[in-house]
file query39.pdb (PDB, C-alpha atoms)
ATOM      1  CA  MET S1149     -76.876 152.068 -48.229  1.00  0.00           C
ATOM      2  CA  THR S1150     -76.081 148.442 -48.996  1.00  0.00           C
ATOM      3  CA  PRO S1151     -79.004 146.362 -50.261  1.00  0.00           C
ATOM      4  CA  SER S1152     -80.135 143.505 -47.980  1.00  0.00           C
ATOM      5  CA  LYS S1153     -79.707 139.923 -49.178  1.00  0.00           C
ATOM      6  CA  HIS S1154     -83.009 138.822 -47.573  1.00  0.00           C
ATOM      7  CA  PRO S1155     -85.653 137.673 -50.084  1.00  0.00           C
ATOM      8  CA  TYR S1156     -88.134 140.113 -48.596  1.00  0.00           C
ATOM      9  CA  ASN S1157     -86.367 143.092 -50.167  1.00  0.00           C
ATOM     10  CA  GLY S1158     -89.009 143.592 -52.795  1.00  0.00           C
ATOM     11  CA  ASP S1159     -88.123 140.273 -54.447  1.00  0.00           C
ATOM     12  CA  GLU S1160     -91.546 138.655 -54.234  1.00  0.00           C
ATOM     13  CA  THR S1161     -90.521 135.891 -56.637  1.00  0.00           C
ATOM     14  CA  ALA S1162     -87.792 134.648 -54.254  1.00  0.00           C
ATOM     15  CA  LEU S1163     -90.258 134.735 -51.331  1.00  0.00           C
ATOM     16  CA  ALA S1164     -92.844 132.754 -53.307  1.00  0.00           C
ATOM     17  CA  LYS S1165     -90.208 130.155 -54.296  1.00  0.00           C
ATOM     18  CA  THR S1166     -89.157 129.702 -50.631  1.00  0.00           C
ATOM     19  CA  ALA S1167     -92.784 129.320 -49.477  1.00  0.00           C
ATOM     20  CA  GLY S1168     -93.506 126.926 -52.330  1.00  0.00           C
ATOM     21  CA  ARG S1169     -90.515 124.729 -51.418  1.00  0.00           C
ATOM     22  CA  SER S1170     -91.650 124.607 -47.779  1.00  0.00           C
ATOM     23  CA  ILE S1171     -95.129 123.444 -48.797  1.00  0.00           C
ATOM     24  CA  VAL S1172     -93.710 120.743 -51.097  1.00  0.00           C
ATOM     25  CA  ILE S1173     -91.286 119.480 -48.413  1.00  0.00           C
ATOM     26  CA  THR S1174     -94.098 119.403 -45.810  1.00  0.00           C
ATOM     27  CA  PHE S1175     -96.408 117.545 -48.208  1.00  0.00           C
ATOM     28  CA  LEU S1176     -93.751 114.955 -49.129  1.00  0.00           C
ATOM     29  CA  THR S1177     -92.775 114.382 -45.488  1.00  0.00           C
ATOM     30  CA  GLY S1178     -96.411 113.871 -44.493  1.00  0.00           C
ATOM     31  CA  GLY S1179     -96.881 111.428 -47.364  1.00  0.00           C
ATOM     32  CA  LEU S1180     -93.827 109.397 -46.322  1.00  0.00           C
ATOM     33  CA  ILE S1181     -94.979 109.223 -42.698  1.00  0.00           C
ATOM     34  CA  GLY S1182     -98.481 108.180 -43.787  1.00  0.00           C
ATOM     35  CA  ALA S1183     -97.086 105.487 -46.091  1.00  0.00           C
ATOM     36  CA  ALA S1184     -94.859 104.139 -43.313  1.00  0.00           C
ATOM     37  CA  LEU S1185     -97.791 103.911 -40.881  1.00  0.00           C
ATOM     38  CA  PHE S1186     -99.925 102.166 -43.512  1.00  0.00           C
ATOM     39  CA  TRP S1187     -97.110  99.675 -44.226  1.00  0.00           C
ATOM     40  CA  ILE S1188     -96.676  98.860 -40.521  1.00  0.00           C
ATOM     41  CA  ALA S1189    -100.437  98.440 -39.992  1.00  0.00           C
ATOM     42  CA  SER S1190    -100.771  96.144 -43.010  1.00  0.00           C
ATOM     43  CA  ASP S1191     -97.810  94.014 -41.865  1.00  0.00           C
ATOM     44  CA  LEU S1192     -99.349  93.615 -38.412  1.00  0.00           C
ATOM     45  CA  SER S1193    -102.740  92.632 -39.825  1.00  0.00           C
ATOM     46  CA  ASN S1194    -101.134  89.980 -42.073  1.00  0.00           C
ATOM     47  CA  MET S1195     -99.061  88.447 -39.272  1.00  0.00           C
ATOM     48  CA  PRO S1196     -99.247  84.621 -39.145  1.00  0.00           C
ATOM     49  CA  ALA S1197    -101.535  83.195 -36.475  1.00  0.00           C
ATOM     50  CA  SER S1198     -98.548  81.618 -34.702  1.00  0.00           C
ATOM     51  CA  MET S1199     -97.134  85.101 -34.043  1.00  0.00           C
ATOM     52  CA  GLN S1200    -100.362  86.875 -33.106  1.00  0.00           C
ATOM     53  CA  MET S1201    -100.980  87.904 -29.546  1.00  0.00           C
ATOM     54  CA  GLU S1202    -103.452  86.174 -27.299  1.00  0.00           C
ATOM     55  CA  ASN S1203    -105.394  87.859 -24.530  1.00  0.00           C
ATOM     56  CA  HIS S1204    -104.709  86.199 -21.198  1.00  0.00           C
ATOM     57  CA  MET S1205    -106.121  86.818 -17.773  1.00  0.00           C
ATOM     58  CA  ASN S1206    -104.298  89.583 -15.918  1.00  0.00           C
ATOM     59  CA  MET S1207    -103.100  89.360 -12.339  1.00  0.00           C
ATOM     60  CA  ASN S1208    -106.390  90.714 -10.974  1.00  0.00           C
ATOM     61  CA  GLY S1209    -108.378  87.892 -12.571  1.00  0.00           C
ATOM     62  CA  SER S1210    -109.906  90.064 -15.281  1.00  0.00           C
ATOM     63  CA  THR S1211    -110.039  89.132 -18.944  1.00  0.00           C
ATOM     64  CA  SER S1212    -110.699  92.640 -20.254  1.00  0.00           C
ATOM     65  CA  ARG S1213    -107.996  93.962 -22.627  1.00  0.00           C
ATOM     66  CA  GLU S1214    -109.004  97.489 -21.753  1.00  0.00           C
ATOM     67  CA  GLU S1215    -107.883  97.010 -18.178  1.00  0.00           C
ATOM     68  CA  ALA S1216    -104.287  97.941 -17.454  1.00  0.00           C
ATOM     69  CA  GLY S1217    -101.836  95.104 -17.338  1.00  0.00           C
ATOM     70  CA  ALA S1218    -103.658  92.447 -19.358  1.00  0.00           C
ATOM     71  CA  HIS S1219    -101.196  89.860 -20.623  1.00  0.00           C
ATOM     72  CA  THR S1220    -101.147  90.137 -24.369  1.00  0.00           C
ATOM     73  CA  HIS S1221     -98.493  87.677 -25.480  1.00  0.00           C
ATOM     74  CA  GLY S1222     -98.558  84.053 -26.558  1.00  0.00           C
ATOM     75  CA  MET S1223     -97.950  80.979 -24.470  1.00  0.00           C
ATOM     76  CA  LEU S1224     -95.358  78.225 -24.849  1.00  0.00           C
ATOM     77  CA  ALA S1225     -95.915  74.840 -23.216  1.00  0.00           C
ATOM     78  CA  VAL S1226     -92.912  73.202 -21.544  1.00  0.00           C
ATOM     79  CA  ASP S1227     -94.702  69.873 -21.012  1.00  0.00           C
ATOM     80  CA  ASP S1228     -92.376  68.000 -23.395  1.00  0.00           C
ATOM     81  CA  TRP S1229     -89.152  69.588 -22.076  1.00  0.00           C
ATOM     82  CA  LEU S1230     -86.842  67.183 -20.235  1.00  0.00           C
ATOM     83  CA  ALA S1231     -85.942  69.753 -17.555  1.00  0.00           C
ATOM     84  CA  LYS S1232     -89.026  71.761 -16.572  1.00  0.00           C
ATOM     85  CA  PRO S1233     -88.300  75.361 -15.544  1.00  0.00           C
ATOM     86  CA  ALA S1234     -89.648  76.780 -12.284  1.00  0.00           C
ATOM     87  CA  ILE S1235     -89.579  80.135 -10.503  1.00  0.00           C
ATOM     88  CA  THR S1236     -89.919  81.313  -6.919  1.00  0.00           C
ATOM     89  CA  ALA S1237     -89.449  84.790  -5.515  1.00  0.00           C
ATOM     90  CA  THR S1238     -89.052  86.668  -2.272  1.00  0.00           C
ATOM     91  CA  ILE S1239     -89.401  90.372  -1.624  1.00  0.00           C
ATOM     92  CA  GLN S1240     -87.998  92.576   1.107  1.00  0.00           C
ATOM     93  CA  LYS S1241     -88.255  96.252   1.939  1.00  0.00           C
ATOM     94  CA  ASP S1242     -85.219  98.239   0.807  1.00  0.00           C
ATOM     95  CA  PRO S1243     -83.786 100.285   3.706  1.00  0.00           C
ATOM     96  CA  ILE S1244     -83.451 103.359   1.477  1.00  0.00           C
ATOM     97  CA  GLY S1245     -86.819 103.026  -0.273  1.00  0.00           C
ATOM     98  CA  GLY S1246     -88.884 100.672  -2.385  1.00  0.00           C
ATOM     99  CA  TRP S1247     -88.597  96.907  -2.464  1.00  0.00           C
ATOM    100  CA  ASN S1248     -85.987  94.346  -3.527  1.00  0.00           C
ATOM    101  CA  LEU S1249     -87.314  91.350  -5.422  1.00  0.00           C
ATOM    102  CA  ASN S1250     -85.165  88.221  -5.507  1.00  0.00           C
ATOM    103  CA  LEU S1251     -85.937  85.569  -8.139  1.00  0.00           C
ATOM    104  CA  ARG S1252     -84.801  81.970  -7.970  1.00  0.00           C
ATOM    105  CA  THR S1253     -85.169  79.824 -11.074  1.00  0.00           C
ATOM    106  CA  LYS S1254     -84.654  76.143 -11.706  1.00  0.00           C
ATOM    107  CA  ASN S1255     -83.738  74.711 -15.122  1.00  0.00           C
ATOM    108  CA  PHE S1256     -83.827  78.231 -16.577  1.00  0.00           C
ATOM    109  CA  THR S1257     -81.118  80.644 -17.765  1.00  0.00           C
ATOM    110  CA  TYR S1258     -81.597  84.357 -18.410  1.00  0.00           C
ATOM    111  CA  ASN S1259     -80.356  85.448 -21.830  1.00  0.00           C
ATOM    112  CA  ALA S1260     -80.806  89.125 -22.673  1.00  0.00           C
ATOM    113  CA  ALA S1261     -78.917  88.729 -25.955  1.00  0.00           C
ATOM    114  CA  ALA S1262     -81.523  86.249 -27.227  1.00  0.00           C
ATOM    115  CA  ALA S1263     -84.594  88.458 -26.583  1.00  0.00           C
ATOM    116  CA  GLY S1264     -86.782  88.353 -29.671  1.00  0.00           C
ATOM    117  CA  LEU S1265     -84.784  85.515 -31.234  1.00  0.00           C
ATOM    118  CA  GLU S1266     -85.602  81.819 -31.648  1.00  0.00           C
ATOM    119  CA  ASN S1267     -86.800  80.060 -28.504  1.00  0.00           C
ATOM    120  CA  LYS S1268     -84.461  77.610 -26.757  1.00  0.00           C
ATOM    121  CA  GLN S1269     -85.477  75.203 -24.028  1.00  0.00           C
ATOM    122  CA  GLY S1270     -84.653  76.568 -20.589  1.00  0.00           C
ATOM    123  CA  GLU S1271     -83.712  80.060 -21.810  1.00  0.00           C
ATOM    124  CA  GLY S1272     -85.394  83.459 -21.797  1.00  0.00           C
ATOM    125  CA  HIS S1273     -86.291  86.167 -19.302  1.00  0.00           C
ATOM    126  CA  ALA S1274     -88.927  87.097 -16.735  1.00  0.00           C
ATOM    127  CA  HIS S1275     -91.724  89.672 -16.776  1.00  0.00           C
ATOM    128  CA  ILE S1276     -92.750  91.453 -13.594  1.00  0.00           C
ATOM    129  CA  TYR S1277     -96.265  92.736 -12.945  1.00  0.00           C
ATOM    130  CA  VAL S1278     -97.420  94.981 -10.110  1.00  0.00           C
ATOM    131  CA  ASN S1279    -101.176  94.872  -9.480  1.00  0.00           C
ATOM    132  CA  GLY S1280    -101.685  93.443 -12.962  1.00  0.00           C
ATOM    133  CA  ALA S1281     -99.694  96.097 -14.843  1.00  0.00           C
ATOM    134  CA  LYS S1282     -96.455  95.043 -16.500  1.00  0.00           C
ATOM    135  CA  LEU S1283     -93.549  96.830 -14.851  1.00  0.00           C
ATOM    136  CA  ALA S1284     -90.467  95.432 -16.579  1.00  0.00           C
ATOM    137  CA  ARG S1285     -88.570  92.642 -18.257  1.00  0.00           C
ATOM    138  CA  ILE S1286     -85.932  90.992 -16.036  1.00  0.00           C
ATOM    139  CA  TYR S1287     -82.655  89.307 -17.023  1.00  0.00           C
ATOM    140  CA  GLY S1288     -81.281  88.438 -13.604  1.00  0.00           C
ATOM    141  CA  ASP S1289     -82.018  87.343 -10.060  1.00  0.00           C
ATOM    142  CA  TRP S1290     -82.557  90.770  -8.468  1.00  0.00           C
ATOM    143  CA  PHE S1291     -84.880  93.645  -9.330  1.00  0.00           C
ATOM    144  CA  HIS S1292     -85.622  96.872  -7.434  1.00  0.00           C
ATOM    145  CA  ILE S1293     -89.243  97.995  -7.330  1.00  0.00           C
ATOM    146  CA  GLY S1294     -89.804 101.635  -6.394  1.00  0.00           C
ATOM    147  CA  LYS S1295     -92.599 102.958  -4.234  1.00  0.00           C
ATOM    148  CA  LEU S1296     -95.754 100.842  -4.136  1.00  0.00           C
ATOM    149  CA  PRO S1297     -99.245 102.224  -3.502  1.00  0.00           C
ATOM    150  CA  THR S1298    -100.748 102.002  -0.021  1.00  0.00           C
ATOM    151  CA  GLY S1299    -102.669  98.775   0.631  1.00  0.00           C
ATOM    152  CA  HIS S1300    -102.327  95.251  -0.748  1.00  0.00           C
ATOM    153  CA  ASN S1301    -100.113  94.925  -3.814  1.00  0.00           C
ATOM    154  CA  ILE S1302     -99.833  91.780  -5.923  1.00  0.00           C
ATOM    155  CA  ILE S1303     -96.368  91.240  -7.398  1.00  0.00           C
ATOM    156  CA  SER S1304     -96.283  88.550 -10.070  1.00  0.00           C
ATOM    157  CA  VAL S1305     -93.285  87.265 -11.990  1.00  0.00           C
ATOM    158  CA  THR S1306     -93.628  85.064 -15.083  1.00  0.00           C
ATOM    159  CA  LEU S1307     -91.020  83.043 -16.941  1.00  0.00           C
ATOM    160  CA  ASN S1308     -90.936  83.907 -20.614  1.00  0.00           C
ATOM    161  CA  ALA S1309     -89.329  82.440 -23.712  1.00  0.00           C
ATOM    162  CA  ASN S1310     -87.053  84.451 -25.979  1.00  0.00           C
ATOM    163  CA  ASP S1311     -90.061  85.501 -28.089  1.00  0.00           C
ATOM    164  CA  HIS S1312     -91.790  86.767 -24.883  1.00  0.00           C
ATOM    165  CA  SER S1313     -94.316  83.912 -24.775  1.00  0.00           C
ATOM    166  CA  SER S1314     -95.307  82.971 -21.232  1.00  0.00           C
ATOM    167  CA  LEU S1315     -94.048  79.508 -20.339  1.00  0.00           C
ATOM    168  CA  THR S1316     -96.781  77.119 -19.226  1.00  0.00           C
ATOM    169  CA  GLN S1317     -96.909  73.627 -17.762  1.00  0.00           C
ATOM    170  CA  ASN S1318    -100.107  71.594 -17.921  1.00  0.00           C
ATOM    171  CA  GLY S1319    -101.855  74.745 -19.165  1.00  0.00           C
ATOM    172  CA  VAL S1320    -100.794  76.811 -16.144  1.00  0.00           C
ATOM    173  CA  MET S1321     -98.498  79.809 -16.510  1.00  0.00           C
ATOM    174  CA  LEU S1322     -95.117  79.433 -14.784  1.00  0.00           C
ATOM    175  CA  GLU S1323     -95.285  82.328 -12.362  1.00  0.00           C
ATOM    176  CA  HIS S1324     -94.809  83.258  -8.757  1.00  0.00           C
ATOM    177  CA  LYS S1325     -97.096  85.694  -6.919  1.00  0.00           C
ATOM    178  CA  LEU S1326     -96.327  87.696  -3.796  1.00  0.00           C
ATOM    179  CA  THR S1327     -98.524  90.037  -1.780  1.00  0.00           C
ATOM    180  CA  VAL S1328     -96.980  93.166  -0.289  1.00  0.00           C
ATOM    181  CA  MET S1329     -98.917  95.234   2.250  1.00  0.00           C
ATOM    182  CA  VAL S1330     -97.926  98.879   2.271  1.00  0.00           C
ATOM    183  CA  GLU S1331     -99.203 101.001   5.163  1.00  0.00           C
TER     184      GLU S1331
END
call {"tool": "encode", "arguments": {"input": "query39.pdb", "output": "C-alpha cells"}}
result
Amino acid sequence: MTPSKHPYNGDETALAKTAGRSIVITFLTGGLIGAALFWIASDLSNMPASMQMENHMNMNGSTSREEAGAHTHGMLAVDDWLAKPAITATIQKDPIGGWNLNLRTKNFTYNAAAAGLENKQGEGHAHIYVNGAKLARIYGDWFHIGKLPTGHNIISVTLNANDHSSLTQNGVMLEHKLTVMVE
C-alpha cells in the first residue's frame, strides 16, 4: 500500500501548520480591508467644503435625505456665463414597451469623457429622475425609460456640470419636468 500524501495521514504537525497559515491569512486580509475602509472614511470626512454634498429638495418637494431620490450633489450657478444653458424634454410611449425621452438643450454640450473632471462652461451631462429617484446619467438626446408604475409619474431631467453639480440660474435648478400618466 502506497502512503497518501495528504497531511491528514497521521502528520498532525503538517495539519496544524496548514490551519495556522489559514488563520494568519484570514487575519491579515481582514486587517487590510478594515484599514482601507478607515482610510476612505477619513478622506471623506476631511473633504473640503467646496466638494461636500448639499441636500437639495427632491422632485416630490421633500427635503428629507432619508426619502428615496433626494438630490445630494452641489450646485453651480451659470448666472455669469455668456451663453446660458437650457433644457426641454418630450416623452412618448415606445411601441414595444416603456417610454422614449427626448432632450433638447441650448448652449450645452454633452461630454461623457469629462465626467468627474474640471467644469467647463456649457459642458456636462444630464441626470434623470423618476418620481424623485435618480434613474441615470445621460450623455445624449435620447433615453429609454422602462416600465413606469401605474398612476402619475414625474420625470425630471437636470443639467449637470462635469463634477455632477446641478446647474442653476438665479438660484433655480436648470431642469425640465414632465408628467406621465400610466393606466
call {"tool": "atom_distance", "arguments": {"input": "query39.pdb", "atom1": "CA of Lys1325 (chain S)", "atom2": "CA of Ser1313 (chain S)"}}
result
18.2 Å
call {"tool": "residues_around", "arguments": {"input": "query39.pdb", "residues": "region 1251-1256 of chain S", "least_positions_apart": "3", "cutoff": "10 Å", "atoms": "only C-alpha atoms", "output": "JSON, numbers by chain"}}
result
{"S": [1230, 1231, 1232, 1233, 1234, 1235, 1236, 1237, 1238, 1239, 1248, 1259, 1269, 1270, 1271, 1272, 1273, 1274, 1286, 1288, 1289, 1290, 1291, 1305, 1307, 1308, 1309, 1324]}
call {"tool": "closest_residue", "arguments": {"input": "query39.pdb", "among": "S:Thr1306, S:Asn1279, S:Ala1284, S:Trp1247", "to": "Met1321 (chain S)", "atoms": "only C-alpha atoms"}}
result
S:Thr1306
call {"tool": "closest_residue", "arguments": {"input": "query39.pdb", "among": "S:Val1278, S:Leu1315, S:Leu1249, S:Val1328", "to": "His1300 (chain S)", "atoms": "all atoms listed in the file"}}
result
S:Val1328
call {"tool": "atom_distance", "arguments": {"input": "query39.pdb", "atom1": "CA of Glu1323 (chain S)", "atom2": "CA of Ile1293 (chain S)"}}
result
17.5 Å
call {"tool": "atom_distance", "arguments": {"input": "query39.pdb", "atom1": "CA of Asn1267 (chain S)", "atom2": "CA of Ser1314 (chain S)"}}
result
11.6 Å
call {"tool": "resolve_selection", "arguments": {"input": "query39.pdb", "expression": "the PyMOL selection byres ((chain S and resi 1331) around 9)", "output": "list in words"}}
result
Pro1297, Thr1298, Gly1299, His1300, Met1329 and Val1330 of chain S
call {"tool": "resolve_selection", "arguments": {"input": "query39.pdb", "expression": "the PyMOL selection byres ((chain S and resi 1265) around 10)", "output": "MDAnalysis selection string"}}
result
chainID S and resid 1261:1264 1266:1268 1272 1309:1312
call {"tool": "closest_residue", "arguments": {"input": "query39.pdb", "among": "S:Leu1224, S:Gly1168, S:Ile1181, S:Ile1244", "to": "Gly1294 (chain S)", "atoms": "all atoms listed in the file"}}
result
S:Ile1244
call {"tool": "axis_aligned_box", "arguments": {"input": "query39.pdb", "around": "region 1224-1237 of chain S", "padding_each_side": "5 Å", "output": "lines of an AutoDock Vina configuration file"}}
result
center_x = -90.9
center_y = 76.0
center_z = -15.2
size_x = 20.0
size_y = 27.6
size_z = 29.3
